[in-house]
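**Q** Please find one structure pasted underneath; my questions will follow.
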Amino acid sequence: MNLGTVLLDLLFPPKCPYCQKVLAEPRAPLCPQCQDKLPWLLGKMGERRVDFTDGCFSPLAYRGAVPDAVQRYKFRPVRAYCVPFGAVMAQSLQDHLSGKADLVTWCPLSKKRLHERGFDQAELLAREVGGRLSLPVVGTLKKVRHTSPQSELVEESARRANARGAYAALPEGNVKGRVVVLVDDVVTSGATMSECAGLLRMAGAAAVYGLTLAQARRD
Ligand SMILES: [Zn+2]
């Protein structure tokens, strides 16, 4: 820890991303109370099927204190949340995949949304996860069509139609023969993730695993 980090911690003491209380242990990804209370998905509970993936892993269910924390990260940009979120995601990936991955990538925002928000929340999570697990983080996809936010669409069929053809593989994102981890913040219908995973498979990926902070169930 360098002097700059110490000063920053004094000026802006790190808070628990879920309950926003100041952390007694500044480097912890969350407070002990949230550690006890959050809806963790253990073992098989944290795995879910998403078309074109070999499975999607998430450490948390999208309920309790999780949705508000994700919304703060996305819409009132609290960029720093990528660190504690990335920590529990990296742990989840280790638990489920134990070192089998070759590279980390993400489901990208459109240029328009990136401009509005100032950062791509999925990219920051991917960079955090890759950094923690010493895996290369590579942009492999781009969004070619601006779409309505998936959160505004209730029907699964509408979400699928909205995501269809919205992404394209980047020619420089070489995934041939590699085991790819595809990061996003939340998986709900899985429409975005399966669209992106399908493109990575067509580009020659040996396997694609999804990784999100949380999974929402629509039933
Ligand atoms: Zn907390």
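Lettering and numbering for the structure tokens are positional, with chains as A, B, ... in the shown order, residues counted from 1 in each chain, and ligands counted from 1 in the shown order.
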Around ligand 1, at most 12 Å away and counting only C-alpha atoms and all ligand atoms, which residues are there? Put them as a ChimeraX atom specification, please.
**A** /A:14-25,28-38,64-66,69,84
**Q** May I have all residues of region 25-201 of chain A that DSSP, computed from the backbone, assigns to strand (DSSP E), given as JSON, numbers by chain?
**A** {"A": [47, 48, 56, 57, 60, 61, 103, 104, 105, 106, 141, 142, 143, 167, 168, 169, 179, 180, 181, 182, 183, 184, 185, 186, 187]}
**Q** For those residues, write N, CA and C atoms to a file as a PDB file, in the first residue's frame.
**A**
```pdb
ATOM      1  N   GLU A  47     -24.436 -21.727 -10.385  1.00  0.00           N
ATOM      2  CA  GLU A  47     -24.251 -22.055 -11.793  1.00  0.00           C
ATOM      3  C   GLU A  47     -25.588 -22.000 -12.480  1.00  0.00           C
ATOM      4  N   ARG A  48     -25.553 -21.503 -13.691  1.00  0.00           N
ATOM      5  CA  ARG A  48     -26.814 -21.477 -14.411  1.00  0.00           C
ATOM      6  C   ARG A  48     -26.568 -21.688 -15.889  1.00  0.00           C
ATOM      7  N   CYS A  56     -22.829 -20.435 -16.630  1.00  0.00           N
ATOM      8  CA  CYS A  56     -22.629 -19.054 -16.185  1.00  0.00           C
ATOM      9  C   CYS A  56     -22.562 -19.078 -14.660  1.00  0.00           C
ATOM     10  N   PHE A  57     -21.526 -18.439 -14.110  1.00  0.00           N
ATOM     11  CA  PHE A  57     -21.307 -18.451 -12.659  1.00  0.00           C
ATOM     12  C   PHE A  57     -21.574 -17.078 -12.063  1.00  0.00           C
ATOM     13  N   LEU A  60     -23.651 -14.214  -6.355  1.00  0.00           N
ATOM     14  CA  LEU A  60     -24.796 -13.678  -5.607  1.00  0.00           C
ATOM     15  C   LEU A  60     -26.095 -13.788  -6.383  1.00  0.00           C
ATOM     16  N   ALA A  61     -27.208 -13.864  -5.633  1.00  0.00           N
ATOM     17  CA  ALA A  61     -28.531 -13.712  -6.235  1.00  0.00           C
ATOM     18  C   ALA A  61     -28.836 -12.218  -6.299  1.00  0.00           C
ATOM     19  N   LEU A 103      -8.604 -16.508 -21.061  1.00  0.00           N
ATOM     20  CA  LEU A 103      -8.709 -15.048 -21.141  1.00  0.00           C
ATOM     21  C   LEU A 103     -10.074 -14.577 -20.668  1.00  0.00           C
ATOM     22  N   VAL A 104     -10.112 -13.288 -20.319  1.00  0.00           N
ATOM     23  CA  VAL A 104     -11.339 -12.675 -19.820  1.00  0.00           C
ATOM     24  C   VAL A 104     -11.776 -11.596 -20.800  1.00  0.00           C
ATOM     25  N   THR A 105     -13.071 -11.564 -21.111  1.00  0.00           N
ATOM     26  CA  THR A 105     -13.614 -10.506 -21.960  1.00  0.00           C
ATOM     27  C   THR A 105     -14.959 -10.069 -21.370  1.00  0.00           C
ATOM     28  N   TRP A 106     -15.682  -9.181 -22.035  1.00  0.00           N
ATOM     29  CA  TRP A 106     -16.914  -8.671 -21.447  1.00  0.00           C
ATOM     30  C   TRP A 106     -17.967  -8.373 -22.507  1.00  0.00           C
ATOM     31  N   LEU A 141     -15.504  -8.049 -28.458  1.00  0.00           N
ATOM     32  CA  LEU A 141     -16.814  -7.776 -29.046  1.00  0.00           C
ATOM     33  C   LEU A 141     -17.053  -6.275 -29.094  1.00  0.00           C
ATOM     34  N   LYS A 142     -17.931  -5.874 -30.012  1.00  0.00           N
ATOM     35  CA  LYS A 142     -18.398  -4.491 -29.962  1.00  0.00           C
ATOM     36  C   LYS A 142     -19.901  -4.487 -30.157  1.00  0.00           C
ATOM     37  N   LYS A 143     -20.529  -3.443 -29.636  1.00  0.00           N
ATOM     38  CA  LYS A 143     -21.965  -3.326 -29.824  1.00  0.00           C
ATOM     39  C   LYS A 143     -22.183  -2.530 -31.098  1.00  0.00           C
ATOM     40  N   TYR A 167     -24.530  -7.181 -31.436  1.00  0.00           N
ATOM     41  CA  TYR A 167     -23.081  -7.253 -31.189  1.00  0.00           C
ATOM     42  C   TYR A 167     -22.374  -7.855 -32.404  1.00  0.00           C
ATOM     43  N   ALA A 168     -21.076  -7.613 -32.470  1.00  0.00           N
ATOM     44  CA  ALA A 168     -20.238  -8.243 -33.495  1.00  0.00           C
ATOM     45  C   ALA A 168     -18.894  -8.566 -32.873  1.00  0.00           C
ATOM     46  N   ALA A 169     -18.231  -9.593 -33.414  1.00  0.00           N
ATOM     47  CA  ALA A 169     -16.896  -9.957 -32.912  1.00  0.00           C
ATOM     48  C   ALA A 169     -15.869  -9.023 -33.524  1.00  0.00           C
ATOM     49  N   VAL A 179     -10.274 -20.906 -23.944  1.00  0.00           N
ATOM     50  CA  VAL A 179     -11.379 -20.944 -22.977  1.00  0.00           C
ATOM     51  C   VAL A 179     -11.609 -19.510 -22.491  1.00  0.00           C
ATOM     52  N   VAL A 180     -12.782 -18.972 -22.848  1.00  0.00           N
ATOM     53  CA  VAL A 180     -13.058 -17.552 -22.649  1.00  0.00           C
ATOM     54  C   VAL A 180     -14.034 -17.358 -21.479  1.00  0.00           C
ATOM     55  N   VAL A 181     -13.741 -16.366 -20.640  1.00  0.00           N
ATOM     56  CA  VAL A 181     -14.674 -15.973 -19.578  1.00  0.00           C
ATOM     57  C   VAL A 181     -15.331 -14.668 -20.012  1.00  0.00           C
ATOM     58  N   LEU A 182     -16.655 -14.677 -20.100  1.00  0.00           N
ATOM     59  CA  LEU A 182     -17.422 -13.528 -20.587  1.00  0.00           C
ATOM     60  C   LEU A 182     -18.101 -12.857 -19.383  1.00  0.00           C
ATOM     61  N   VAL A 183     -17.686 -11.620 -19.091  1.00  0.00           N
ATOM     62  CA  VAL A 183     -18.137 -10.929 -17.877  1.00  0.00           C
ATOM     63  C   VAL A 183     -19.268  -9.946 -18.167  1.00  0.00           C
ATOM     64  N   ASP A 184     -20.241  -9.909 -17.286  1.00  0.00           N
ATOM     65  CA  ASP A 184     -21.262  -8.857 -17.282  1.00  0.00           C
ATOM     66  C   ASP A 184     -21.619  -8.598 -15.826  1.00  0.00           C
ATOM     67  N   ASP A 185     -22.402  -7.567 -15.547  1.00  0.00           N
ATOM     68  CA  ASP A 185     -22.714  -7.284 -14.137  1.00  0.00           C
ATOM     69  C   ASP A 185     -23.798  -8.219 -13.592  1.00  0.00           C
ATOM     70  N   VAL A 186     -24.896  -8.344 -14.349  1.00  0.00           N
ATOM     71  CA  VAL A 186     -26.009  -9.182 -13.893  1.00  0.00           C
ATOM     72  C   VAL A 186     -26.500 -10.016 -15.064  1.00  0.00           C
ATOM     73  N   VAL A 187     -26.886 -11.259 -14.825  1.00  0.00           N
ATOM     74  CA  VAL A 187     -27.541 -12.049 -15.865  1.00  0.00           C
ATOM     75  C   VAL A 187     -29.002 -12.221 -15.458  1.00  0.00           C
TER      76      VAL A 187
END
```
**Q** For region 114-117 of chain A, list every protein, DNA or RNA residue within 10 Å, evaluated using only C-alpha atoms, and leave out those in the same chain fewer than 5 positions away; present the list as a list in words.
**A**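 Returned residues: Lys74, Phe75, Arg76, Pro77, Pro108 and Leu109 of chain A.
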**Q** Go ahead and dump the residues you just picked, C-alpha atoms, as a PDB file, in the first residue's frame.
**A**
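Generated output (selection.pdb):
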```pdb
ATOM      1  CA  LYS A  74     -24.181   1.572 -12.935  1.00  0.00           C
ATOM      2  CA  PHE A  75     -26.234   4.686 -12.773  1.00  0.00           C
ATOM      3  CA  ARG A  76     -24.621   6.894 -10.134  1.00  0.00           C
ATOM      4  CA  PRO A  77     -21.261   5.813 -11.333  1.00  0.00           C
ATOM      5  CA  PRO A 108     -19.656  -4.246 -24.132  1.00  0.00           C
ATOM      6  CA  LEU A 109     -21.800  -1.110 -23.965  1.00  0.00           C
TER       7      LEU A 109
END
```
**Q** So how far away is CA of Ser134 (chain A) from CA of Pro171 (chain A), in Å?
**A**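 Answer for the CA of Pro171 (chain A) to CA of Ser134 (chain A) separation: 23.7 Å.
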**Q** Which one is closest to Gly55 (chain A): A:Ala90, A:Ala216, A:Leu133, A:Leu97? Count only C-alpha atoms.
**A**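 Checking each candidate against Gly55 (chain A), we get A:Leu97 as the closest.
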**Q** Please, what distance in Å, to one decimal, runs between CA of Thr192 (chain A) and CA of Gly165 (chain A)?
**A**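 Atom-to-atom, CA of Thr192 (chain A) and CA of Gly165 (chain A) are spaced 10.2 Å apart.
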**Q** Compile a residue-level contact table for region 9-100 of chain A against region 195-206 of chain A at a cut-off of 8 Å, reporting for every qualifying residue the shortest atom pair and its distance in Å to one decimal, with only C-alpha atoms counted, rows ordered by chain and ascending number, as CSV.
**A**
```
residue,atom,partner,partner_atom,distance
A:Asp51,CA,A:Ala197,CA,7.9
A:Phe52,CA,A:Gly198,CA,5.3
A:Thr53,CA,A:Ala197,CA,5.9
```
**Q** With DSSP run on the backbone, what are the helix (DSSP H, G or I) residues within region 127-191 of chain A? I'd like them as a PDB file with N, CA and C atoms, in the first residue's frame.
**A**
```pdb
ATOM      1  N   ARG A 127     -11.612  -6.352 -16.079  1.00  0.00           N
ATOM      2  CA  ARG A 127     -10.214  -5.983 -15.799  1.00  0.00           C
ATOM      3  C   ARG A 127      -9.833  -6.342 -14.366  1.00  0.00           C
ATOM      4  N   GLU A 128     -10.776  -6.144 -13.449  1.00  0.00           N
ATOM      5  CA  GLU A 128     -10.505  -6.474 -12.046  1.00  0.00           C
ATOM      6  C   GLU A 128     -10.333  -7.993 -11.875  1.00  0.00           C
ATOM      7  N   VAL A 129     -11.243  -8.749 -12.476  1.00  0.00           N
ATOM      8  CA  VAL A 129     -11.176 -10.220 -12.371  1.00  0.00           C
ATOM      9  C   VAL A 129      -9.875 -10.728 -13.002  1.00  0.00           C
ATOM     10  N   GLY A 130      -9.572 -10.251 -14.211  1.00  0.00           N
ATOM     11  CA  GLY A 130      -8.361 -10.687 -14.916  1.00  0.00           C
ATOM     12  C   GLY A 130      -7.108 -10.344 -14.127  1.00  0.00           C
ATOM     13  N   GLY A 131      -7.071  -9.139 -13.556  1.00  0.00           N
ATOM     14  CA  GLY A 131      -5.929  -8.704 -12.757  1.00  0.00           C
ATOM     15  C   GLY A 131      -5.714  -9.614 -11.558  1.00  0.00           C
ATOM     16  N   ARG A 132      -6.806  -9.951 -10.886  1.00  0.00           N
ATOM     17  CA  ARG A 132      -6.696 -10.785  -9.678  1.00  0.00           C
ATOM     18  C   ARG A 132      -6.257 -12.202 -10.004  1.00  0.00           C
ATOM     19  N   LEU A 133      -6.650 -12.715 -11.181  1.00  0.00           N
ATOM     20  CA  LEU A 133      -6.327 -14.103 -11.516  1.00  0.00           C
ATOM     21  C   LEU A 133      -5.168 -14.202 -12.521  1.00  0.00           C
ATOM     22  N   GLN A 150     -32.059  -3.538 -21.375  1.00  0.00           N
ATOM     23  CA  GLN A 150     -32.765  -4.810 -21.181  1.00  0.00           C
ATOM     24  C   GLN A 150     -33.690  -4.722 -19.957  1.00  0.00           C
ATOM     25  N   SER A 151     -33.282  -3.901 -18.952  1.00  0.00           N
ATOM     26  CA  SER A 151     -34.078  -3.804 -17.726  1.00  0.00           C
ATOM     27  C   SER A 151     -35.471  -3.221 -17.989  1.00  0.00           C
ATOM     28  N   GLU A 152     -35.645  -2.519 -19.148  1.00  0.00           N
ATOM     29  CA  GLU A 152     -36.965  -1.952 -19.453  1.00  0.00           C
ATOM     30  C   GLU A 152     -37.877  -2.974 -20.120  1.00  0.00           C
ATOM     31  N   GLU A 156     -39.230 -12.205 -21.950  1.00  0.00           N
ATOM     32  CA  GLU A 156     -37.972 -12.796 -22.375  1.00  0.00           C
ATOM     33  C   GLU A 156     -37.808 -12.723 -23.894  1.00  0.00           C
ATOM     34  N   SER A 157     -38.924 -12.912 -24.620  1.00  0.00           N
ATOM     35  CA  SER A 157     -38.843 -12.879 -26.085  1.00  0.00           C
ATOM     36  C   SER A 157     -38.436 -11.482 -26.560  1.00  0.00           C
ATOM     37  N   ALA A 158     -38.913 -10.445 -25.862  1.00  0.00           N
ATOM     38  CA  ALA A 158     -38.554  -9.072 -26.234  1.00  0.00           C
ATOM     39  C   ALA A 158     -37.081  -8.832 -25.967  1.00  0.00           C
ATOM     40  N   ARG A 159     -36.568  -9.394 -24.885  1.00  0.00           N
ATOM     41  CA  ARG A 159     -35.144  -9.249 -24.565  1.00  0.00           C
ATOM     42  C   ARG A 159     -34.282  -9.933 -25.614  1.00  0.00           C
ATOM     43  N   ARG A 160     -34.735 -11.096 -26.057  1.00  0.00           N
ATOM     44  CA  ARG A 160     -33.959 -11.818 -27.073  1.00  0.00           C
ATOM     45  C   ARG A 160     -33.938 -11.034 -28.382  1.00  0.00           C
ATOM     46  N   ALA A 161     -35.108 -10.537 -28.763  1.00  0.00           N
ATOM     47  CA  ALA A 161     -35.196  -9.772 -30.014  1.00  0.00           C
ATOM     48  C   ALA A 161     -34.334  -8.516 -29.924  1.00  0.00           C
ATOM     49  N   ASN A 162     -34.320  -7.902 -28.757  1.00  0.00           N
ATOM     50  CA  ASN A 162     -33.548  -6.673 -28.543  1.00  0.00           C
ATOM     51  C   ASN A 162     -32.038  -6.922 -28.666  1.00  0.00           C
ATOM     52  N   ALA A 163     -31.600  -8.075 -28.194  1.00  0.00           N
ATOM     53  CA  ALA A 163     -30.158  -8.378 -28.198  1.00  0.00           C
ATOM     54  C   ALA A 163     -29.683  -8.929 -29.535  1.00  0.00           C
ATOM     55  N   ALA A 191     -30.249 -13.243 -22.393  1.00  0.00           N
ATOM     56  CA  ALA A 191     -30.302 -12.925 -23.829  1.00  0.00           C
ATOM     57  C   ALA A 191     -29.015 -12.249 -24.306  1.00  0.00           C
TER      58      ALA A 191
END
```
**Q** Of the residues A:Gly210, A:Pro149, A:Gly190, A:Pro13, which is the one nearest to Ala80 (chain A), using only C-alpha atoms?
**A**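 Counting only C-alpha atoms, the residue closest to Ala80 (chain A) is A:Pro13.
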**Q** Do you have the CA of Lys100 (chain A)-CA of Val137 (chain A) distance handy?
**A**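 So the two atoms, CA of Lys100 (chain A) and CA of Val137 (chain A), lie 14.9 Å apart.
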**Q** Find, counting only C-alpha atoms, the residue in A:Val175, A:Leu213, A:Met193, A:Val208 that gets nearest to Gln91 (chain A).
**A**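 Among the listed residues, the smallest separation from Gln91 (chain A) belongs to A:Leu213.
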